[in-house]
Each structure stands twice: as structure tokens, then as C-alpha cells.
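Since the structure comes first, as C-alpha cells, the remarks are kept for the end.
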Amino acid sequence: MQQKSKVTKMVLLALLGVISFLIENISFPIPTIPIFLKVDFSELPALVGAILFGPLAGIVIEFIKNAFHLMFAGGEIIGVIANFLAGSIFVSVISIIYRKFQGWKGFVYGFIAATLMMTLFMAMANFFVFLPLYAAITDPTAKTTFILNIITPFNLIKGILVSIVFVPFYLKIVPYLRSRSSIL
Amino acid sequence: MNSVMIGQYIPIDSWLHRLDPRSKCIFVFCMLILIFFANNVETYTLLLLVGLMGVALSRISVLLFLRSMKLIIWMILFTTLFHLIFTQSGSIVLQTPILTIYEEGVRQAAIISVRFILLMIFASLLMFTTSPIDLTDGLESLLSPLRRWRFPAHEFAMMMSIALRFIPTLWAETDKIIKAQKARGADFESGNVYRRVKAYIPVLIPLMISSFRRAEDLATAMEARGYAGGVGRTKLRVLSIRRADILLLVCFAIVATALFWMRK
């Protein structure tokens with residue numbers, strides 16, 4: 001029985017990764033933010049996985065999504081790495097906090113913390129790694145302008161939008177999952 | 001969406017296609033890192049030449065490589081503009097009442113554009129010449145030394161293979177659900193971002209639920225056929241390192257040495 005649930009979990013994570021990849025292709029540009037940063041809802045399946053099986057499961061789903069993006073949609077590799085980092089942090093923070101405080105509290109605290117953590121981390125990552133290395137923007141004022149006007153609002157909006165959409169989504173899925181004891 | 005389904009892999013026969021996926025992965029990974037060490041005209045020219053040689057060896061039409069550049073065109077334009085406006089050192093190249101362009105800005109913009117293009121060429125070379133299945137096999141093999149630290153390399157590759165196999169299935173299913181919801185009057189094309197996103201929730205929920213079902217079925221089927229993890233499992237196709245693979249890595253060593261010798 002133990003073995004069976006392990007294989008089921010593995011297959012399920014793979015399928016959630018595929019769904020995540022498919023959803024990623026339905027993406028939306030946000031007004032006032034350059035077109036190469038687009039919001040998509042591929043975090044939703046990863047969140048379901050992370051809440052059911054823990055942060056690592058969420059990270060695996062994010063990995064599958066981004067690996068497929070590279071294989072099928074094109075090799076813009078640094079953007080893919082940035083997406084993987086942002087998604088993994090978002091998903092694992094929510095998973096850790098939700099598992100501490102169950103129920104509504106867990107969601108609210110989790111989403112607030114995850115959005116802030118993702119925004120903060122991506123601001124730092126851009127300041128120290130992506131901007132200087134990738135775009136050769138080394139001047140601190142230029143970097144700060146770029147991050148405050150583009151990266152930070154983008155991640156905040158993305159976090160908030162994903163959080164808003166996730167709640168109705170998860171509430172519809174939960175009753176079904178409860179009826180399937182072999183997965184949980 | 002269709003272009004996504006076909007993928008990047010171009011199934012023809014060439015020297016690059018025949019190489020072992022592991023050596024290609026290592027080569028491309030090291031090249032991507034090497035690109036960040038280039039810092040003058042000579043080093044960038046060297047890397048561009050290596051990239052073009054790769055393109056020639058892959059026997060894939062240059063047009064396809066150009067098409068993949070479409071993905072980064074906005075990023076290149078935006079960063080170029082950013083550098084032209086904000087980098088203010090060196091002598092003045094162009095002065096207009098609204099904007100002054102400095103030499104350093106032009107230099108930075110050129111460097112970045114070439115860097116973006118190089119990253120794209122090398123990543124595309126790997127994706128164009130290696131099928132996703134081969135990539136997954138290669139990844140499993142490259143990650144397997146990590147098993148010593150309890151990293152589940154086999155389970156990881158298994159998940160990737162299952163996921164690959166289910167892309168077309170789940171895509172067909174998504175398509176079916178979208179059509180079913182459209183027939184019931186769902187509107188996916190109009191409204192603001194929030195509206196359009198909300199329209200997709202009734203697609204995602206059935207998709208998720210059918211995936212849970214599928215996962216259970218597939219797991220049962222795997223168990224019934226005696227799947228018990230990676231221990232003792234044999235492979236249909238065994239990867240092997242040949243002379244060409246060693247040659248590729250020697251090429252990388254030569255390029256890297258030349259680059260470190262030429263850079264300032």
C-alpha cells in the first residue's frame with residue numbers, strides 16, 4: 001500500500017507538471033510592464049501539488065514546467081531560470097505556512113508571505129545576479145530604478161492575481177480530493 | 001499552441017544529432033557559462049564563430065534559428081533602449097534636445113544584444129538537435145551520481161518521461177473541455193485580465209480532476225506490471241560515449257582556453 005501511494009504521487013506530480021506547462025502558454029501581458037514579463041497561472045497546479053505533498057512537490061512541478069518550456073517553446077534560458085526560482089519560492093512558502101496554520105488563516109498568511117518573499121527575493125536576485133550578469137546594468141541607481149519600476153510591481157501583481165484565482169479553484173478541488181482516499 | 005506541441009526538436013541526421021545527449025548537455029551548459037566571461041570584441045567574435053559552426057554542423061536551416069530570436073527581440077530592444085538612455089559615461093555620440101547618447105551606452109547595448117543572441121544560439125542548438133526523450137535520459141544519467149546523497153534521480157527522470165508522454169493527451173483534453181465550455185456559452189476572448197482568467201477556472205477544474213483519475217489508473221497499471229522503482233531496471237536504449245563526444249569536449253576545452261587568453 002505504501003508503494004502504491006508513492007507511485008501514484010509520482011505520476012500525479014508529472015501530470016500536474018504537464019497541466020502547469022499547458023497553462024503557462026495562456027499568458028497575459030500587464031499594462032505598463034514591458035511585454036517580456038507576462039503573468040500566467042501555471043503556479044496553480046504547482047500550488048495544489050505543494051499543498052497536498054509539501055514544498056518539494058511544488059518545486060518538482062515548477063521544474064517540469066520550466067524544463068518543458070525550454071524544450072518546446074524556446075531556449076530563453078535566464079528567463080526560465082528566473083521563472084523557476086520565483087515560482088519555487090512562491091509555492092514552497094505557501095506550502096510551509098499552510099501546513100502550519102490549517103484553513104483560511106493558512107491561506108491568507110501564506111499568500112501574503114509568499115507574495116512578499118517572492119517579490120523580495122526576485123528584487124535581490126535581479127540586483128545581484130540577473131541585471132548585472134544578463135543585461136550588464138551595473139550602475140546601482142539604474143538597477144534600483146529598473147527593479148522598483150518593473151520587477152517589483154510585476155511580482156507583486158503576479159502574486160496577488162495568483163492568490164485571488166487560487167482560492168475558488170482550491171475550494172472546488174478539495175471536496176473531490178477528500179472522496180479519493182488513495183491520493184491523500 | 002500548435003507550434004508548442006511540435007516542439008523544438010528537428011528530427012534530421014547530422015553530426016550534432018548523433019552525439020550523446022550527456023556530452024551535448026555538458027557542452028551547452030559550459031558554453032552558456034563561458035558566454036558570461038567574454039568581455040571584448042575578440043572574445044565575442046570567437047563565441048559567435050563557434051555558434052555559427054554549431055549551426056552549420058547541425059544542418060538545420062538558419063531561418064529556424066532566426067525564428068527563435070523572435071522570443072528575445074523585445075528583451076533586446078528594451079535593454080538596448082535602457083542602456084542608451086541610462087548609461088552616461090564616455091564621449092557623447094549623439095546629442096538631441098531630449099536625449100543624449102553616450103559611447104559607453106552604445107557599447108553596452110551592443111554587448112548585451114550579442115550576449116542575448118549567443119545564449120539563444122547555444123540553447124537552441126541543444127533543443128533543436130536533441131529529442132526530449134534523449135534529454136531526459138541524459139539528465140537521469142548525469143544526475144545519477146547524486147543518488148549517493150539520496151537524490152531520487154530515477155524517479156525524477158521517470159516523472160519527466162511520464163509528463164512528456166502526457167503532453168499531447170492532456171492538451172487534447174484541455175481542447176475538448178474548452179470546446180465543451182464554449183458550447184455552454186463560456187467566453188474566453190474578451191474582458192480584462194481578471195475576467196479572462198476567471199473564464200479558465202471551469203476549464204482547469206475538470207482538467208485537474210481527470211488528471212487525478214488518470215494518475216491513479218496509471219499507477220495501478222505500473223504496479224500491475226511490476227514497477228518497483230529504478231533498482232534493477234534495464235533500458236532499451238543504452239547511452240554510450242563515442243569518439244565524437246570526446247572530440248566535442250576537447251573542442252570546448254580549446255575554445256575556453258582561447259577565450260581566457262583573449263579576454264582583457
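Residue numbering restarts at 1 for every chain of the C-alpha cells, chains are lettered A, B, ... in their displayed order, and ligands are numbered from 1 as they appear.
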Find the residues around range 194-211 of chain B up to 8 Å (only C-alpha atoms counted), leave out those fewer than 4 positions away in its own chain, and share them as an MDAnalysis selection string. (chainID A and resid 12 15:16 19 45 161 165 169 172:173 176) or (chainID B and resid 170 173:174 177:178 181 186:190 215)
6 Å contacts from chain B to chain A using only C-alpha atoms, as an MDAnalysis selection string: chainID B and resid 4 7:8 112 120 123:124 127 159 163 167 215:216 219
Would you export the selected residues with N, CA and C atoms as a PDB file, in the first residue's frame, please?
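File out_33.pdb, as written:
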```pdb
ATOM      1  N   VAL B   4       3.875  24.995 -30.173  1.00  0.00           N
ATOM      2  CA  VAL B   4       4.380  24.471 -28.908  1.00  0.00           C
ATOM      3  C   VAL B   4       4.350  22.949 -28.917  1.00  0.00           C
ATOM      4  N   GLY B   7       7.166  21.307 -30.853  1.00  0.00           N
ATOM      5  CA  GLY B   7       8.398  21.367 -30.089  1.00  0.00           C
ATOM      6  C   GLY B   7       9.544  21.899 -30.902  1.00  0.00           C
ATOM      7  N   GLN B   8      10.696  21.877 -30.276  1.00  0.00           N
ATOM      8  CA  GLN B   8      11.867  22.480 -30.876  1.00  0.00           C
ATOM      9  C   GLN B   8      12.696  21.486 -31.663  1.00  0.00           C
ATOM     10  N   ILE B 112      25.243  43.545 -24.891  1.00  0.00           N
ATOM     11  CA  ILE B 112      24.099  42.799 -24.383  1.00  0.00           C
ATOM     12  C   ILE B 112      23.344  42.102 -25.498  1.00  0.00           C
ATOM     13  N   MET B 120      20.957  32.409 -26.842  1.00  0.00           N
ATOM     14  CA  MET B 120      19.862  31.805 -27.591  1.00  0.00           C
ATOM     15  C   MET B 120      20.390  30.761 -28.585  1.00  0.00           C
ATOM     16  N   ALA B 123      21.548  27.567 -26.596  1.00  0.00           N
ATOM     17  CA  ALA B 123      20.416  26.830 -26.033  1.00  0.00           C
ATOM     18  C   ALA B 123      19.609  26.179 -27.161  1.00  0.00           C
ATOM     19  N   SER B 124      19.396  26.916 -28.265  1.00  0.00           N
ATOM     20  CA  SER B 124      18.627  26.357 -29.383  1.00  0.00           C
ATOM     21  C   SER B 124      19.344  25.165 -29.998  1.00  0.00           C
ATOM     22  N   MET B 127      18.410  22.208 -27.993  1.00  0.00           N
ATOM     23  CA  MET B 127      16.996  21.822 -28.096  1.00  0.00           C
ATOM     24  C   MET B 127      16.642  21.348 -29.510  1.00  0.00           C
ATOM     25  N   MET B 159       9.368  10.751 -13.824  1.00  0.00           N
ATOM     26  CA  MET B 159       8.329  11.777 -13.853  1.00  0.00           C
ATOM     27  C   MET B 159       8.411  12.582 -15.148  1.00  0.00           C
ATOM     28  N   ALA B 163       5.499  12.725 -17.888  1.00  0.00           N
ATOM     29  CA  ALA B 163       4.969  14.036 -18.252  1.00  0.00           C
ATOM     30  C   ALA B 163       5.055  14.242 -19.769  1.00  0.00           C
ATOM     31  N   ILE B 167       1.821  15.060 -22.506  1.00  0.00           N
ATOM     32  CA  ILE B 167       1.556  16.406 -23.053  1.00  0.00           C
ATOM     33  C   ILE B 167       0.455  16.366 -24.111  1.00  0.00           C
ATOM     34  N   ALA B 215      -3.926   9.571 -12.955  1.00  0.00           N
ATOM     35  CA  ALA B 215      -2.745   9.231 -12.161  1.00  0.00           C
ATOM     36  C   ALA B 215      -2.971   7.933 -11.416  1.00  0.00           C
ATOM     37  N   GLU B 216      -4.164   7.779 -10.839  1.00  0.00           N
ATOM     38  CA  GLU B 216      -4.448   6.542 -10.111  1.00  0.00           C
ATOM     39  C   GLU B 216      -4.417   5.345 -11.048  1.00  0.00           C
ATOM     40  N   ALA B 219      -0.861   4.563 -12.154  1.00  0.00           N
ATOM     41  CA  ALA B 219      -0.083   3.987 -11.055  1.00  0.00           C
ATOM     42  C   ALA B 219      -0.457   2.527 -10.867  1.00  0.00           C
TER      43      ALA B 219
END
```
Report, in Å with one decimal, the straight-line distance from CA of Val114 in chain B to CA of Leu48 in chain B.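 Computed distance, CA of Val114 in chain B to CA of Leu48 in chain B, equals 8.4 Å.
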Please return as a PyMOL selection string: the residues of range 76-243 of chain B that backbone DSSP assigns to strand (DSSP E or B). chain B and resi 92-95+100-102
For the residues in that selection, give me N, CA and C atoms as a PDB file, in the first residue's frame.
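result.pdb, freshly written:
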```pdb
ATOM      1  N   ILE B  92      30.251  61.749 -25.968  1.00  0.00           N
ATOM      2  CA  ILE B  92      28.890  61.850 -26.482  1.00  0.00           C
ATOM      3  C   ILE B  92      28.862  61.465 -27.963  1.00  0.00           C
ATOM      4  N   VAL B  93      27.946  60.579 -28.320  1.00  0.00           N
ATOM      5  CA  VAL B  93      27.831  60.129 -29.702  1.00  0.00           C
ATOM      6  C   VAL B  93      26.808  60.971 -30.442  1.00  0.00           C
ATOM      7  N   LEU B  94      25.696  61.198 -29.778  1.00  0.00           N
ATOM      8  CA  LEU B  94      24.589  61.879 -30.441  1.00  0.00           C
ATOM      9  C   LEU B  94      23.903  62.773 -29.420  1.00  0.00           C
ATOM     10  N   GLN B  95      23.699  64.023 -29.777  1.00  0.00           N
ATOM     11  CA  GLN B  95      23.018  64.900 -28.837  1.00  0.00           C
ATOM     12  C   GLN B  95      21.786  65.500 -29.484  1.00  0.00           C
ATOM     13  N   THR B 100      20.539  62.375 -24.853  1.00  0.00           N
ATOM     14  CA  THR B 100      21.952  62.368 -25.180  1.00  0.00           C
ATOM     15  C   THR B 100      22.447  60.933 -25.105  1.00  0.00           C
ATOM     16  N   ILE B 101      23.072  60.486 -26.183  1.00  0.00           N
ATOM     17  CA  ILE B 101      23.539  59.107 -26.195  1.00  0.00           C
ATOM     18  C   ILE B 101      25.052  59.094 -26.041  1.00  0.00           C
ATOM     19  N   TYR B 102      25.523  58.297 -25.084  1.00  0.00           N
ATOM     20  CA  TYR B 102      26.952  58.247 -24.813  1.00  0.00           C
ATOM     21  C   TYR B 102      27.569  56.997 -25.431  1.00  0.00           C
TER      22      TYR B 102
END
```
Mind pulling up the distance from CA of Thr169 in chain B to CA of Ile51 in chain A?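 Separating CA of Ile51 in chain A from CA of Thr169 in chain B is a distance of 25.2 Å.
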I'd like the contact shell of Glu104 in chain B - 10 Å cut-off, only C-alpha atoms, skipping same-chain residues fewer than 2 positions apart - returned as a PyMOL selection string. chain B and resi 83-84+87-93+101-102+106-110
Can you tell me how far CA of Ala244 in chain B sits from CA of Leu57 in chain B, in Å to one decimal?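 Interatomic distance, CA of Ala244 in chain B to CA of Leu57 in chain B: 12.6 Å.
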Would you give me, as an MDAnalysis selection string, the residues in chain A that DSSP reads as helix (DSSP H, G or I)? chainID A and resid 2:24 43:53 55:73 77:100 103:135 140:178
Write out as a list in words which residues come within 10 Å of Leu118 in chain B when counting only C-alpha atoms, dropping same-chain ones fewer than 6 positions away. Met31, Leu32, Ile35, Tyr44, Leu47, Leu48, Val50, Gly51, Leu52, Ile112 and Ser124 of chain B
Could those selected residues go to a file with all heavy atoms, as a PDB file, in the first residue's frame?
```
ATOM      1  N   MET B  31      29.202  26.168 -22.200  1.00  0.00           N
ATOM      2  CA  MET B  31      29.243  27.300 -23.124  1.00  0.00           C
ATOM      3  C   MET B  31      28.424  28.464 -22.583  1.00  0.00           C
ATOM      4  O   MET B  31      28.835  29.619 -22.664  1.00  0.00           O
ATOM      5  CB  MET B  31      28.681  26.903 -24.493  1.00  0.00           C
ATOM      6  CG  MET B  31      29.627  26.242 -25.449  1.00  0.00           C
ATOM      7  SD  MET B  31      31.256  26.947 -25.529  1.00  0.00           S
ATOM      8  CE  MET B  31      31.078  28.107 -26.823  1.00  0.00           C
ATOM      9  N   LEU B  32      27.244  28.162 -22.030  1.00  0.00           N
ATOM     10  CA  LEU B  32      26.382  29.222 -21.512  1.00  0.00           C
ATOM     11  C   LEU B  32      27.106  29.983 -20.411  1.00  0.00           C
ATOM     12  O   LEU B  32      26.989  31.198 -20.297  1.00  0.00           O
ATOM     13  CB  LEU B  32      25.065  28.638 -20.982  1.00  0.00           C
ATOM     14  CG  LEU B  32      24.123  28.053 -22.029  1.00  0.00           C
ATOM     15  CD1 LEU B  32      22.864  27.507 -21.373  1.00  0.00           C
ATOM     16  CD2 LEU B  32      23.752  29.072 -23.080  1.00  0.00           C
ATOM     17  N   ILE B  35      29.929  32.208 -21.910  1.00  0.00           N
ATOM     18  CA  ILE B  35      29.470  33.452 -22.560  1.00  0.00           C
ATOM     19  C   ILE B  35      29.597  34.643 -21.607  1.00  0.00           C
ATOM     20  O   ILE B  35      29.950  35.742 -22.021  1.00  0.00           O
ATOM     21  CB  ILE B  35      28.010  33.290 -23.040  1.00  0.00           C
ATOM     22  CG1 ILE B  35      27.966  32.325 -24.220  1.00  0.00           C
ATOM     23  CG2 ILE B  35      27.404  34.630 -23.450  1.00  0.00           C
ATOM     24  CD1 ILE B  35      26.583  31.898 -24.613  1.00  0.00           C
ATOM     25  N   TYR B  44      33.901  37.900 -28.101  1.00  0.00           N
ATOM     26  CA  TYR B  44      32.544  37.729 -28.631  1.00  0.00           C
ATOM     27  C   TYR B  44      32.569  37.176 -30.056  1.00  0.00           C
ATOM     28  O   TYR B  44      31.737  36.333 -30.420  1.00  0.00           O
ATOM     29  CB  TYR B  44      31.766  39.054 -28.581  1.00  0.00           C
ATOM     30  CG  TYR B  44      31.138  39.298 -27.233  1.00  0.00           C
ATOM     31  CD1 TYR B  44      31.556  40.340 -26.426  1.00  0.00           C
ATOM     32  CD2 TYR B  44      30.139  38.459 -26.756  1.00  0.00           C
ATOM     33  CE1 TYR B  44      30.998  40.554 -25.171  1.00  0.00           C
ATOM     34  CE2 TYR B  44      29.569  38.663 -25.514  1.00  0.00           C
ATOM     35  CZ  TYR B  44      30.006  39.710 -24.722  1.00  0.00           C
ATOM     36  OH  TYR B  44      29.452  39.910 -23.500  1.00  0.00           O
ATOM     37  N   LEU B  47      33.166  33.449 -29.853  1.00  0.00           N
ATOM     38  CA  LEU B  47      31.984  32.684 -29.465  1.00  0.00           C
ATOM     39  C   LEU B  47      30.959  32.648 -30.593  1.00  0.00           C
ATOM     40  O   LEU B  47      30.327  31.613 -30.831  1.00  0.00           O
ATOM     41  CB  LEU B  47      31.356  33.290 -28.205  1.00  0.00           C
ATOM     42  CG  LEU B  47      32.175  33.069 -26.932  1.00  0.00           C
ATOM     43  CD1 LEU B  47      31.536  33.775 -25.754  1.00  0.00           C
ATOM     44  CD2 LEU B  47      32.297  31.586 -26.633  1.00  0.00           C
ATOM     45  N   LEU B  48      30.812  33.780 -31.304  1.00  0.00           N
ATOM     46  CA  LEU B  48      29.872  33.805 -32.431  1.00  0.00           C
ATOM     47  C   LEU B  48      30.297  32.792 -33.496  1.00  0.00           C
ATOM     48  O   LEU B  48      29.464  32.072 -34.050  1.00  0.00           O
ATOM     49  CB  LEU B  48      29.808  35.197 -33.044  1.00  0.00           C
ATOM     50  CG  LEU B  48      28.689  36.105 -32.529  1.00  0.00           C
ATOM     51  CD1 LEU B  48      28.783  37.479 -33.151  1.00  0.00           C
ATOM     52  CD2 LEU B  48      27.326  35.479 -32.815  1.00  0.00           C
ATOM     53  N   VAL B  50      32.055  30.050 -33.037  1.00  0.00           N
ATOM     54  CA  VAL B  50      31.757  28.700 -32.537  1.00  0.00           C
ATOM     55  C   VAL B  50      30.267  28.404 -32.707  1.00  0.00           C
ATOM     56  O   VAL B  50      29.879  27.318 -33.167  1.00  0.00           O
ATOM     57  CB  VAL B  50      32.168  28.560 -31.051  1.00  0.00           C
ATOM     58  CG1 VAL B  50      31.770  27.201 -30.507  1.00  0.00           C
ATOM     59  CG2 VAL B  50      33.654  28.768 -30.899  1.00  0.00           C
ATOM     60  N   GLY B  51      29.426  29.405 -32.360  1.00  0.00           N
ATOM     61  CA  GLY B  51      27.985  29.224 -32.505  1.00  0.00           C
ATOM     62  C   GLY B  51      27.594  28.944 -33.946  1.00  0.00           C
ATOM     63  O   GLY B  51      26.826  28.019 -34.230  1.00  0.00           O
ATOM     64  N   LEU B  52      28.170  29.728 -34.873  1.00  0.00           N
ATOM     65  CA  LEU B  52      27.829  29.547 -36.291  1.00  0.00           C
ATOM     66  C   LEU B  52      28.306  28.187 -36.796  1.00  0.00           C
ATOM     67  O   LEU B  52      27.629  27.531 -37.589  1.00  0.00           O
ATOM     68  CB  LEU B  52      28.452  30.669 -37.125  1.00  0.00           C
ATOM     69  CG  LEU B  52      27.801  32.043 -36.894  1.00  0.00           C
ATOM     70  CD1 LEU B  52      28.490  33.106 -37.718  1.00  0.00           C
ATOM     71  CD2 LEU B  52      26.309  31.981 -37.233  1.00  0.00           C
ATOM     72  N   ILE B 112      25.243  43.545 -24.891  1.00  0.00           N
ATOM     73  CA  ILE B 112      24.099  42.799 -24.383  1.00  0.00           C
ATOM     74  C   ILE B 112      23.344  42.102 -25.498  1.00  0.00           C
ATOM     75  O   ILE B 112      22.951  40.945 -25.374  1.00  0.00           O
ATOM     76  CB  ILE B 112      23.154  43.754 -23.632  1.00  0.00           C
ATOM     77  CG1 ILE B 112      23.803  44.116 -22.321  1.00  0.00           C
ATOM     78  CG2 ILE B 112      21.811  43.131 -23.376  1.00  0.00           C
ATOM     79  CD1 ILE B 112      24.442  42.966 -21.643  1.00  0.00           C
ATOM     80  N   SER B 124      19.396  26.916 -28.265  1.00  0.00           N
ATOM     81  CA  SER B 124      18.627  26.357 -29.383  1.00  0.00           C
ATOM     82  C   SER B 124      19.344  25.165 -29.998  1.00  0.00           C
ATOM     83  O   SER B 124      18.698  24.188 -30.381  1.00  0.00           O
ATOM     84  CB  SER B 124      18.406  27.406 -30.467  1.00  0.00           C
ATOM     85  OG  SER B 124      17.651  28.465 -29.970  1.00  0.00           O
TER      86      SER B 124
END
```
